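Undergrad: So here's input23.cif (mmCIF, C-alpha atoms and all ligand atoms).
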data_run
#
loop_
_atom_site.group_PDB
_atom_site.id
_atom_site.type_symbol
_atom_site.label_atom_id
_atom_site.label_comp_id
_atom_site.auth_asym_id
_atom_site.auth_seq_id
_atom_site.Cartn_x
_atom_site.Cartn_y
_atom_site.Cartn_z
ATOM 1 C CA MET A 10 8.913 -1.408 26.700
ATOM 2 C CA VAL A 11 5.897 -2.112 24.467
ATOM 3 C CA ALA A 12 2.461 -2.408 26.093
ATOM 4 C CA GLU A 13 0.191 -5.417 25.562
ATOM 5 C CA VAL A 14 -1.745 -5.923 22.338
ATOM 6 C CA PRO A 15 -5.286 -4.487 22.732
ATOM 7 C CA ALA A 16 -8.392 -6.633 22.196
ATOM 8 C CA THR A 17 -9.354 -4.752 19.040
ATOM 9 C CA ARG A 18 -6.684 -3.323 16.775
ATOM 10 C CA VAL A 19 -7.179 -0.623 14.157
ATOM 11 C CA ALA A 20 -5.764 -0.434 10.620
ATOM 12 C CA LEU A 21 -5.612 2.441 8.139
ATOM 13 C CA VAL A 22 -5.313 1.435 4.467
ATOM 14 C CA THR A 23 -4.488 4.028 1.782
ATOM 15 C CA GLY A 24 -5.732 3.533 -1.781
ATOM 16 C CA ALA A 25 -8.506 1.336 -0.382
ATOM 17 C CA ALA A 26 -11.296 2.181 -2.843
ATOM 18 C CA GLN A 27 -10.425 -0.671 -5.217
ATOM 19 C CA GLY A 28 -7.909 -3.319 -6.196
ATOM 20 C CA ILE A 29 -5.283 -4.544 -3.749
ATOM 21 C CA GLY A 30 -6.090 -1.889 -1.110
ATOM 22 C CA GLU A 31 -9.759 -2.880 -0.981
ATOM 23 C CA ALA A 32 -8.806 -6.562 -0.661
ATOM 24 C CA ILE A 33 -6.368 -5.763 2.165
ATOM 25 C CA ALA A 34 -9.029 -3.757 4.016
ATOM 26 C CA LEU A 35 -11.533 -6.620 3.746
ATOM 27 C CA GLN A 36 -8.943 -9.215 4.807
ATOM 28 C CA LEU A 37 -7.882 -7.187 7.863
ATOM 29 C CA ALA A 38 -11.555 -6.790 8.811
ATOM 30 C CA ASP A 39 -11.907 -10.590 8.584
ATOM 31 C CA ASP A 40 -8.866 -10.775 10.881
ATOM 32 C CA GLY A 41 -10.847 -8.775 13.474
ATOM 33 C CA LEU A 42 -9.446 -5.271 13.002
ATOM 34 C CA ASP A 43 -11.471 -2.069 12.708
ATOM 35 C CA ILE A 44 -10.581 -0.288 9.476
ATOM 36 C CA ALA A 45 -10.057 3.305 8.314
ATOM 37 C CA LEU A 46 -10.283 3.547 4.540
ATOM 38 C CA ASN A 47 -8.428 6.208 2.582
ATOM 39 C CA ASP A 48 -8.434 7.173 -1.068
ATOM 40 C CA ILE A 49 -8.725 10.414 -3.040
ATOM 41 C CA SER A 50 -11.974 12.350 -2.472
ATOM 42 C CA GLN A 51 -13.245 11.516 -6.002
ATOM 43 C CA LYS A 52 -13.568 7.887 -4.845
ATOM 44 C CA VAL A 53 -15.645 8.548 -1.733
ATOM 45 C CA ASP A 54 -18.590 6.465 -3.062
ATOM 46 C CA GLN A 55 -16.339 3.438 -3.653
ATOM 47 C CA LEU A 56 -14.860 3.889 -0.167
ATOM 48 C CA SER A 57 -18.349 4.059 1.365
ATOM 49 C CA ALA A 58 -19.284 0.817 -0.403
ATOM 50 C CA VAL A 59 -16.189 -0.909 1.043
ATOM 51 C CA ALA A 60 -17.041 0.537 4.478
ATOM 52 C CA LYS A 61 -20.532 -1.014 4.257
ATOM 53 C CA VAL A 62 -19.074 -4.444 3.537
ATOM 54 C CA ILE A 63 -16.728 -4.107 6.523
ATOM 55 C CA GLU A 64 -19.603 -3.085 8.800
ATOM 56 C CA GLY A 65 -21.508 -6.111 7.491
ATOM 57 C CA LYS A 66 -18.659 -8.224 8.871
ATOM 58 C CA GLY A 67 -19.334 -6.718 12.321
ATOM 59 C CA ARG A 68 -16.290 -4.422 12.327
ATOM 60 C CA ARG A 69 -16.160 -0.639 12.534
ATOM 61 C CA ALA A 70 -15.188 1.288 9.387
ATOM 62 C CA LEU A 71 -14.252 4.925 8.859
ATOM 63 C CA VAL A 72 -13.837 6.745 5.534
ATOM 64 C CA VAL A 73 -10.946 9.247 5.548
ATOM 65 C CA THR A 74 -10.511 10.777 2.100
ATOM 66 C CA GLY A 75 -7.281 12.579 1.327
ATOM 67 C CA ASP A 76 -4.319 12.784 -1.007
ATOM 68 C CA VAL A 77 -1.258 10.903 0.281
ATOM 69 C CA THR A 78 1.029 13.480 -1.361
ATOM 70 C CA VAL A 79 -0.369 16.259 0.853
ATOM 71 C CA GLU A 80 1.257 16.319 4.285
ATOM 72 C CA GLU A 81 -1.744 17.802 6.091
ATOM 73 C CA ASP A 82 -4.069 15.182 4.511
ATOM 74 C CA VAL A 83 -1.914 12.328 5.796
ATOM 75 C CA ALA A 84 -1.580 13.901 9.247
ATOM 76 C CA ALA A 85 -5.366 14.420 9.335
ATOM 77 C CA MET A 86 -6.237 10.850 8.254
ATOM 78 C CA VAL A 87 -4.040 9.434 11.022
ATOM 79 C CA ARG A 88 -5.481 11.909 13.565
ATOM 80 C CA LYS A 89 -9.101 11.086 12.596
ATOM 81 C CA THR A 90 -8.441 7.339 12.697
ATOM 82 C CA ALA A 91 -7.037 7.551 16.219
ATOM 83 C CA ALA A 92 -9.770 9.925 17.390
ATOM 84 C CA GLU A 93 -12.731 7.980 15.966
ATOM 85 C CA LEU A 94 -11.546 4.358 16.069
ATOM 86 C CA GLY A 95 -9.452 4.749 19.228
ATOM 87 C CA ALA A 96 -5.911 4.060 17.936
ATOM 88 C CA LEU A 97 -3.743 3.164 14.976
ATOM 89 C CA ASP A 98 -2.022 -0.226 15.123
ATOM 90 C CA VAL A 99 -1.503 -1.116 11.450
ATOM 91 C CA MET A 100 -0.718 1.331 8.645
ATOM 92 C CA VAL A 101 -0.892 -0.003 5.092
ATOM 93 C CA ALA A 102 0.685 2.516 2.684
ATOM 94 C CA ASN A 103 -0.857 0.965 -0.409
ATOM 95 C CA ALA A 104 -1.831 3.944 -2.625
ATOM 96 C CA GLY A 105 0.152 4.039 -5.822
ATOM 97 C CA ILE A 106 0.124 4.648 -9.554
ATOM 98 C CA PHE A 107 1.716 2.873 -12.507
ATOM 99 C CA LEU A 108 3.118 4.219 -15.772
ATOM 100 C CA PHE A 109 3.945 2.015 -18.717
ATOM 101 C CA LYS A 110 6.563 4.075 -20.569
ATOM 102 C CA PRO A 111 10.224 3.893 -21.510
ATOM 103 C CA LEU A 112 12.414 6.461 -19.725
ATOM 104 C CA LEU A 113 13.177 8.289 -22.978
ATOM 105 C CA ASP A 114 9.482 9.104 -23.501
ATOM 106 C CA THR A 115 8.832 10.114 -19.887
ATOM 107 C CA SER A 116 8.305 13.770 -18.971
ATOM 108 C CA VAL A 117 9.519 15.565 -15.860
ATOM 109 C CA GLU A 118 5.854 16.055 -14.863
ATOM 110 C CA GLU A 119 5.291 12.283 -15.028
ATOM 111 C CA TRP A 120 8.426 11.699 -12.938
ATOM 112 C CA GLU A 121 7.307 14.226 -10.316
ATOM 113 C CA ARG A 122 3.789 12.749 -10.050
ATOM 114 C CA MET A 123 5.147 9.201 -9.808
ATOM 115 C CA LEU A 124 7.633 10.059 -7.068
ATOM 116 C CA ALA A 125 5.059 12.213 -5.260
ATOM 117 C CA ILE A 126 2.445 9.445 -4.983
ATOM 118 C CA ASN A 127 4.596 6.311 -4.792
ATOM 119 C CA GLY A 128 7.527 7.887 -2.908
ATOM 120 C CA LYS A 129 6.457 10.916 -0.856
ATOM 121 C CA GLY A 130 3.060 9.343 -0.144
ATOM 122 C CA VAL A 131 4.731 6.323 1.460
ATOM 123 C CA PHE A 132 7.229 8.523 3.347
ATOM 124 C CA LEU A 133 4.404 10.632 4.831
ATOM 125 C CA SER A 134 2.348 7.534 5.653
ATOM 126 C CA ILE A 135 5.276 5.997 7.538
ATOM 127 C CA LYS A 136 6.093 9.270 9.289
ATOM 128 C CA TYR A 137 2.634 10.101 10.636
ATOM 129 C CA ALA A 138 1.680 6.509 11.446
ATOM 130 C CA ALA A 139 4.932 6.024 13.367
ATOM 131 C CA LYS A 140 4.443 9.223 15.377
ATOM 132 C CA GLN A 141 0.956 8.053 16.383
ATOM 133 C CA MET A 142 2.185 4.532 17.239
ATOM 134 C CA ILE A 143 5.091 5.875 19.313
ATOM 135 C CA GLU A 144 2.673 8.097 21.249
ATOM 136 C CA GLN A 145 0.425 5.081 21.947
ATOM 137 C CA GLY A 146 3.450 3.094 23.212
ATOM 138 C CA ARG A 147 2.175 -0.299 22.111
ATOM 139 C CA GLY A 148 4.194 -0.962 18.981
ATOM 140 C CA GLY A 149 2.669 -1.304 15.552
ATOM 141 C CA ARG A 150 2.904 -2.589 12.024
ATOM 142 C CA ILE A 151 3.689 -0.445 8.979
ATOM 143 C CA ILE A 152 3.314 -2.252 5.658
ATOM 144 C CA CYS A 153 4.074 -0.574 2.333
ATOM 145 C CA ALA A 154 3.313 -1.392 -1.300
ATOM 146 C CA ALA A 155 6.483 -1.972 -3.269
ATOM 147 C CA SER A 156 6.504 -4.290 -6.295
ATOM 148 C CA ILE A 157 8.723 -6.723 -8.119
ATOM 149 C CA ALA A 158 9.537 -3.538 -10.068
ATOM 150 C CA GLY A 159 11.322 -2.446 -6.877
ATOM 151 C CA LEU A 160 13.657 -5.441 -7.058
ATOM 152 C CA LYS A 161 14.997 -5.144 -10.593
ATOM 153 C CA GLY A 162 14.890 -2.440 -13.267
ATOM 154 C CA SER A 163 12.722 -2.894 -16.334
ATOM 155 C CA GLN A 164 12.623 -1.512 -19.851
ATOM 156 C CA ILE A 165 8.832 -1.075 -19.720
ATOM 157 C CA CYS A 166 8.297 1.110 -16.649
ATOM 158 C CA GLY A 167 11.511 2.883 -15.591
ATOM 159 C CA ILE A 168 10.161 5.595 -13.279
ATOM 160 C CA TYR A 169 7.710 3.160 -11.665
ATOM 161 C CA CYS A 170 10.722 0.941 -10.852
ATOM 162 C CA ALA A 171 12.575 3.939 -9.393
ATOM 163 C CA SER A 172 9.585 4.800 -7.189
ATOM 164 C CA LYS A 173 9.317 1.240 -5.873
ATOM 165 C CA PHE A 174 13.074 1.065 -5.161
ATOM 166 C CA ALA A 175 12.444 4.228 -3.113
ATOM 167 C CA VAL A 176 9.728 2.421 -1.148
ATOM 168 C CA ARG A 177 12.110 -0.406 -0.256
ATOM 169 C CA GLY A 178 14.762 2.121 0.848
ATOM 170 C CA LEU A 179 12.231 3.835 3.086
ATOM 171 C CA VAL A 180 11.029 0.524 4.513
ATOM 172 C CA GLN A 181 14.518 -0.741 5.302
ATOM 173 C CA SER A 182 15.515 2.563 6.938
ATOM 174 C CA ALA A 183 12.291 2.956 8.917
ATOM 175 C CA SER A 184 12.560 -0.637 10.150
ATOM 176 C CA GLN A 185 15.896 0.276 11.757
ATOM 177 C CA GLU A 186 14.685 3.610 13.111
ATOM 178 C CA LEU A 187 11.464 2.258 14.633
ATOM 179 C CA LYS A 188 12.687 -1.056 16.016
ATOM 180 C CA GLU A 189 13.119 0.326 19.538
ATOM 181 C CA TYR A 190 9.404 1.194 19.624
ATOM 182 C CA GLY A 191 8.220 -2.288 18.705
ATOM 183 C CA ILE A 192 7.106 -1.082 15.284
ATOM 184 C CA THR A 193 7.908 -3.355 12.353
ATOM 185 C CA VAL A 194 8.110 -1.960 8.814
ATOM 186 C CA ASN A 195 7.861 -4.268 5.810
ATOM 187 C CA ALA A 196 7.077 -4.114 2.107
ATOM 188 C CA TYR A 197 4.957 -6.357 -0.090
ATOM 189 C CA CYS A 198 6.165 -6.869 -3.640
ATOM 190 C CA PRO A 199 3.379 -8.144 -5.891
ATOM 191 C CA GLY A 200 4.073 -9.388 -9.368
ATOM 192 C CA PHE A 201 1.301 -9.002 -11.948
ATOM 193 C CA ILE A 202 -2.014 -8.771 -10.111
ATOM 194 C CA THR A 203 -5.360 -8.342 -11.844
ATOM 195 C CA THR A 204 -6.672 -4.918 -10.711
ATOM 196 C CA PRO A 205 -7.898 -1.725 -12.403
ATOM 197 C CA MET A 206 -4.219 -0.598 -12.424
ATOM 198 C CA VAL A 207 -3.410 -3.156 -15.085
ATOM 199 C CA ALA A 208 -6.984 -3.603 -16.434
ATOM 200 C CA LEU A 209 -8.086 -6.725 -18.244
ATOM 201 C CA PRO A 210 -7.000 -7.571 -21.807
ATOM 202 C CA GLY A 211 -9.199 -5.763 -24.301
ATOM 203 C CA ASP A 212 -10.189 -3.052 -21.792
ATOM 204 C CA GLU A 213 -9.242 0.245 -23.381
ATOM 205 C CA THR A 214 -11.161 2.397 -20.922
ATOM 206 C CA ASN A 215 -8.727 2.689 -18.040
ATOM 207 C CA GLY A 216 -6.198 5.250 -19.246
ATOM 208 C CA GLY A 217 -5.030 2.960 -21.995
ATOM 209 C CA THR A 218 -3.978 0.205 -19.601
ATOM 210 C CA GLY A 219 -5.820 -2.371 -21.658
ATOM 211 C CA ALA A 220 -3.111 -1.877 -24.234
ATOM 212 C CA THR A 221 -0.534 -1.994 -21.474
ATOM 213 C CA MET A 222 -1.821 -5.342 -20.343
ATOM 214 C CA LYS A 223 -1.702 -6.789 -23.833
ATOM 215 C CA LYS A 224 1.899 -5.700 -24.179
ATOM 216 C CA LEU A 225 2.775 -7.084 -20.753
ATOM 217 C CA THR A 226 1.216 -10.426 -21.540
ATOM 218 C CA LYS A 227 3.672 -10.885 -24.400
ATOM 219 C CA TYR A 228 6.023 -11.854 -21.575
ATOM 220 C CA PRO A 229 5.633 -15.260 -19.944
ATOM 221 C CA VAL A 230 3.953 -13.843 -16.859
ATOM 222 C CA GLU A 231 1.267 -15.212 -14.634
ATOM 223 C CA PHE A 232 -1.377 -12.990 -13.040
ATOM 224 C CA GLY A 233 -2.211 -13.303 -9.358
ATOM 225 C CA THR A 234 -5.277 -12.158 -7.448
ATOM 226 C CA VAL A 235 -5.747 -9.362 -4.924
ATOM 227 C CA SER A 236 -6.541 -11.863 -2.177
ATOM 228 C CA GLN A 237 -3.179 -13.555 -2.761
ATOM 229 C CA VAL A 238 -1.552 -10.223 -1.880
ATOM 230 C CA ALA A 239 -3.946 -9.449 0.988
ATOM 231 C CA CYS A 240 -3.124 -12.674 2.852
ATOM 232 C CA VAL A 241 0.575 -11.754 2.927
ATOM 233 C CA VAL A 242 -0.276 -8.296 4.303
ATOM 234 C CA SER A 243 -2.519 -10.018 6.855
ATOM 235 C CA TYR A 244 0.494 -12.062 7.987
ATOM 236 C CA LEU A 245 2.729 -8.982 8.280
ATOM 237 C CA ALA A 246 0.019 -7.212 10.303
ATOM 238 C CA LYS A 247 -0.133 -9.904 12.993
ATOM 239 C CA PRO A 248 1.256 -9.191 16.475
ATOM 240 C CA GLU A 249 3.091 -12.532 16.212
ATOM 241 C CA THR A 250 5.331 -11.322 13.345
ATOM 242 C CA ALA A 251 7.330 -9.016 15.666
ATOM 243 C CA PHE A 252 10.634 -10.567 14.500
ATOM 244 C CA VAL A 253 9.959 -9.852 10.794
ATOM 245 C CA THR A 254 11.038 -6.342 9.848
ATOM 246 C CA GLY A 255 12.747 -4.519 6.986
ATOM 247 C CA GLN A 256 11.680 -7.269 4.587
ATOM 248 C CA SER A 257 10.288 -7.234 1.060
ATOM 249 C CA MET A 258 7.801 -10.074 0.678
ATOM 250 C CA ILE A 259 7.551 -11.228 -2.938
ATOM 251 C CA ILE A 260 4.143 -12.417 -4.187
ATOM 252 C CA ASP A 261 4.639 -13.260 -7.848
ATOM 253 C CA GLY A 262 4.166 -16.980 -8.362
ATOM 254 C CA GLY A 263 7.911 -17.628 -8.243
ATOM 255 C CA LEU A 264 8.994 -15.198 -10.968
ATOM 256 C CA ASN A 265 11.597 -13.714 -8.594
ATOM 257 C CA MET A 266 13.192 -15.372 -5.590
ATOM 258 C CA SER A 267 14.678 -13.758 -2.490
HETATM 259 P P1 LIG A 301 -5.303 0.502 -8.316
HETATM 260 O O1 LIG A 301 -5.015 1.562 -9.318
HETATM 261 O O2 LIG A 301 -6.376 -0.474 -8.596
HETATM 262 O O3 LIG A 301 -5.582 1.169 -6.877
HETATM 263 C C1 LIG A 301 -4.729 2.164 -6.355
HETATM 264 C C2 LIG A 301 -5.575 3.125 -5.539
HETATM 265 O O4 LIG A 301 -4.685 4.167 -5.043
HETATM 266 C C3 LIG A 301 -6.653 3.825 -6.387
HETATM 267 O O5 LIG A 301 -7.927 3.662 -5.798
HETATM 268 C C4 LIG A 301 -6.212 5.268 -6.398
HETATM 269 O O6 LIG A 301 -7.279 6.201 -6.419
HETATM 270 C C5 LIG A 301 -5.403 5.368 -5.104
HETATM 271 N N1 LIG A 301 -4.532 6.548 -5.143
HETATM 272 C C6 LIG A 301 -3.779 6.977 -6.195
HETATM 273 N N2 LIG A 301 -3.211 8.142 -5.882
HETATM 274 C C7 LIG A 301 -3.590 8.452 -4.616
HETATM 275 C C8 LIG A 301 -3.320 9.532 -3.763
HETATM 276 N N3 LIG A 301 -2.518 10.555 -4.154
HETATM 277 N N4 LIG A 301 -3.865 9.546 -2.529
HETATM 278 C C9 LIG A 301 -4.696 8.519 -2.123
HETATM 279 N N5 LIG A 301 -4.982 7.477 -2.911
HETATM 280 C C10 LIG A 301 -4.437 7.443 -4.146
HETATM 281 O O7 LIG A 301 -3.912 -0.253 -8.065
HETATM 282 P P2 LIG A 301 -3.586 -1.665 -7.404
HETATM 283 O O8 LIG A 301 -3.225 -2.574 -8.496
HETATM 284 O O9 LIG A 301 -4.618 -2.041 -6.415
HETATM 285 O O10 LIG A 301 -2.222 -1.280 -6.661
HETATM 286 C C11 LIG A 301 -2.122 -1.040 -5.249
HETATM 287 C C12 LIG A 301 -0.630 -0.919 -4.900
HETATM 288 O O11 LIG A 301 0.027 -2.140 -5.259
HETATM 289 C C13 LIG A 301 0.077 0.196 -5.666
HETATM 290 O O12 LIG A 301 1.018 0.822 -4.825
HETATM 291 C C14 LIG A 301 0.767 -0.541 -6.791
HETATM 292 O O13 LIG A 301 1.898 0.139 -7.271
HETATM 293 C C15 LIG A 301 1.131 -1.839 -6.114
HETATM 294 N N6 LIG A 301 1.323 -2.933 -7.070
HETATM 295 C C16 LIG A 301 0.336 -3.349 -7.927
HETATM 296 C C17 LIG A 301 0.578 -4.385 -8.834
HETATM 297 C C18 LIG A 301 -0.451 -4.902 -9.813
HETATM 298 O O14 LIG A 301 -0.076 -5.712 -10.682
HETATM 299 N N7 LIG A 301 -1.712 -4.511 -9.708
HETATM 300 C C19 LIG A 301 1.857 -4.987 -8.845
HETATM 301 C C20 LIG A 301 2.824 -4.546 -7.968
HETATM 302 C C21 LIG A 301 2.564 -3.524 -7.081
#
Render the structure in this file as structure tokens.
TA:
Amino acid sequence: MVAEVPATRVALVTGAAQGIGEAIALQLADDGLDIALNDISQKVDQLSAVAKVIEGKGRRALVVTGDVTVEEDVAAMVRKTAAELGALDVMVANAGIFLFKPLLDTSVEEWERMLAINGKGVFLSIKYAAKQMIEQGRGGRIICAASIAGLKGSQICGIYCASKFAVRGLVQSASQELKEYGITVNAYCPGFITTPMVALPGDETNGGTGATMKKLTKYPVEFGTVSQVACVVSYLAKPETAFVTGQSMIIDGGLNMS
């Protein structure tokens, strides 16, 4: 039995200092939720700036820095969110990294970092959010960043693809495990979205991703915006989407079809 939806719901968004995570946090604030914002501690100033914007919208905001690969950090960010904002209703496991490299050039260290952030980070986010939601007894929404790279392998980013397939496996399994608690678990699968992760053409400052972008744009791809992703997450976060779970929502301008 799941209790009634409260007047004000609370979301926690990981990787919320910039890009898609920031846009999701702002969209959920527009939807009337109070927002806890997570990113690594080096980005605390960016998080504080996002928090100010959210407060300007008349919502409460909380900055909870931490590394999603560290179990105690994830447990603590969920604990602080519930303690200071009153609950956790929506968890957005958005934090992630990208690597543009063929498998044959990829090191074991790169593999371990990729799977730690994109895989373990999502696993821990699901685990601790679900425990909190089960304790509250009023259901919840867990929404995880996958990618179109989690639908089909690619010659340009093999271990990134593997990490995003892992996300979809976690999402499908958790959706089955958490159904009895009224918790839905879904993934969003963006295509090419203009963010610092894939920096703009000509930008060589962001870890070489300017070059990455140029290479990517040799393919007939279209770039979407962060708000085009955020509105899909907003939909998945709604109480009304209780019958949508275990899904991978593709946001790529029709490049892939489900
Ligand atoms: P981004 O690099 O702009 O932002 C990602 C954020 O995650 C950064 O602020 C970063 O500091 C944070 N982060 C990284 N490691 C972390 C950790 N260990 N703990 C906490 N935070 C951490 O990227 P983005 O483009 O906004 O991507 C957001 C998500 O969407 C990622 O999971 C990404 O894989 C996915 N995605 C992006 C695209 C795209 O084209 N931009 C496409 C498909 C999927």
Undergrad: Which residue is closest to ligand LIG 301 (chain A)? Choose from A:Ser172, A:Ser182, A:Ser156, A:Gln164 and count all atoms listed in the file.
TA: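 Counting all atoms listed in the file, the residue closest to ligand LIG 301 (chain A) is A:Ser156.
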Undergrad: Find the residues near ligand LIG 301 (chain A). Use a cut-off of 6 Å, count only C-alpha atoms and all ligand atoms, and write them as number ranges by chain.
TA: A: 23-30, 48-49, 75-78, 103-107, 126, 154-156, 198-207
Undergrad: List every protein, DNA or RNA residue that has at least one atom no more than 12 Å from (10.4, -0.1, 2.4) in the file's coordinates, counting only C-alpha atoms, and write the result as JSON, numbers by chain.
TA: {"A": [101, 102, 103, 127, 128, 131, 132, 134, 135, 151, 152, 153, 154, 155, 156, 159, 160, 172, 173, 174, 175, 176, 177, 178, 179, 180, 181, 182, 183, 184, 185, 193, 194, 195, 196, 197, 198, 254, 255, 256, 257, 258]}
Undergrad: Quick check, in Å to one decimal: how far apart do atom CA of Tyr137 of chain A and atom CA of Val87 of chain A lie?
TA: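 Computing it gives 6.7 Å between the two atoms.
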Undergrad: Determine the residue membership of the PyMOL selection byres (((chain A and resi 231) around 9) and not hetatm) for the file above and supply it as JSON, numbers by chain.
TA: {"A": [200, 201, 202, 226, 229, 230, 232, 233, 261, 262, 264]}
Undergrad: For Asp43 of chain A, which of A:Thr250, A:Thr90, A:Ser243, A:Thr234 is the closest residue, counting only C-alpha atoms?
TA: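 Distance minimum relative to Asp43 of chain A lands on A:Thr90.
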Undergrad: Which residues, written as a tab-separated table (two decimals) with C-alpha atoms, in the frame of the given file, have at least one atom at most 12 Å from Gly167 of chain A, with only C-alpha atoms counted and residues fewer than 2 positions away on the same chain left out?
TA:
chain	number	residue	atom	x	y	z
A	107	PHE	CA	1.72	2.87	-12.51
A	108	LEU	CA	3.12	4.22	-15.77
A	109	PHE	CA	3.94	2.02	-18.72
A	110	LYS	CA	6.56	4.08	-20.57
A	111	PRO	CA	10.22	3.89	-21.51
A	112	LEU	CA	12.41	6.46	-19.73
A	113	LEU	CA	13.18	8.29	-22.98
A	114	ASP	CA	9.48	9.10	-23.50
A	115	THR	CA	8.83	10.11	-19.89
A	116	SER	CA	8.30	13.77	-18.97
A	119	GLU	CA	5.29	12.28	-15.03
A	120	TRP	CA	8.43	11.70	-12.94
A	123	MET	CA	5.15	9.20	-9.81
A	124	LEU	CA	7.63	10.06	-7.07
A	158	ALA	CA	9.54	-3.54	-10.07
A	159	GLY	CA	11.32	-2.45	-6.88
A	161	LYS	CA	15.00	-5.14	-10.59
A	162	GLY	CA	14.89	-2.44	-13.27
A	163	SER	CA	12.72	-2.89	-16.33
A	164	GLN	CA	12.62	-1.51	-19.85
A	165	ILE	CA	8.83	-1.08	-19.72
A	169	TYR	CA	7.71	3.16	-11.66
A	170	CYS	CA	10.72	0.94	-10.85
A	171	ALA	CA	12.58	3.94	-9.39
A	172	SER	CA	9.59	4.80	-7.19
A	173	LYS	CA	9.32	1.24	-5.87
A	174	PHE	CA	13.07	1.06	-5.16
Undergrad: Take atom CA of Gly95 of chain A and atom CA of Val19 of chain A and report the distance between them in Å, one decimal.
TA: 7.7 Å
Undergrad: To one decimal place in Å, what is the distance between atom CA of Asp98 of chain A and atom CA of Arg150 of chain A?
TA: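 Between atom CA of Asp98 of chain A and atom CA of Arg150 of chain A the gap is 6.3 Å.
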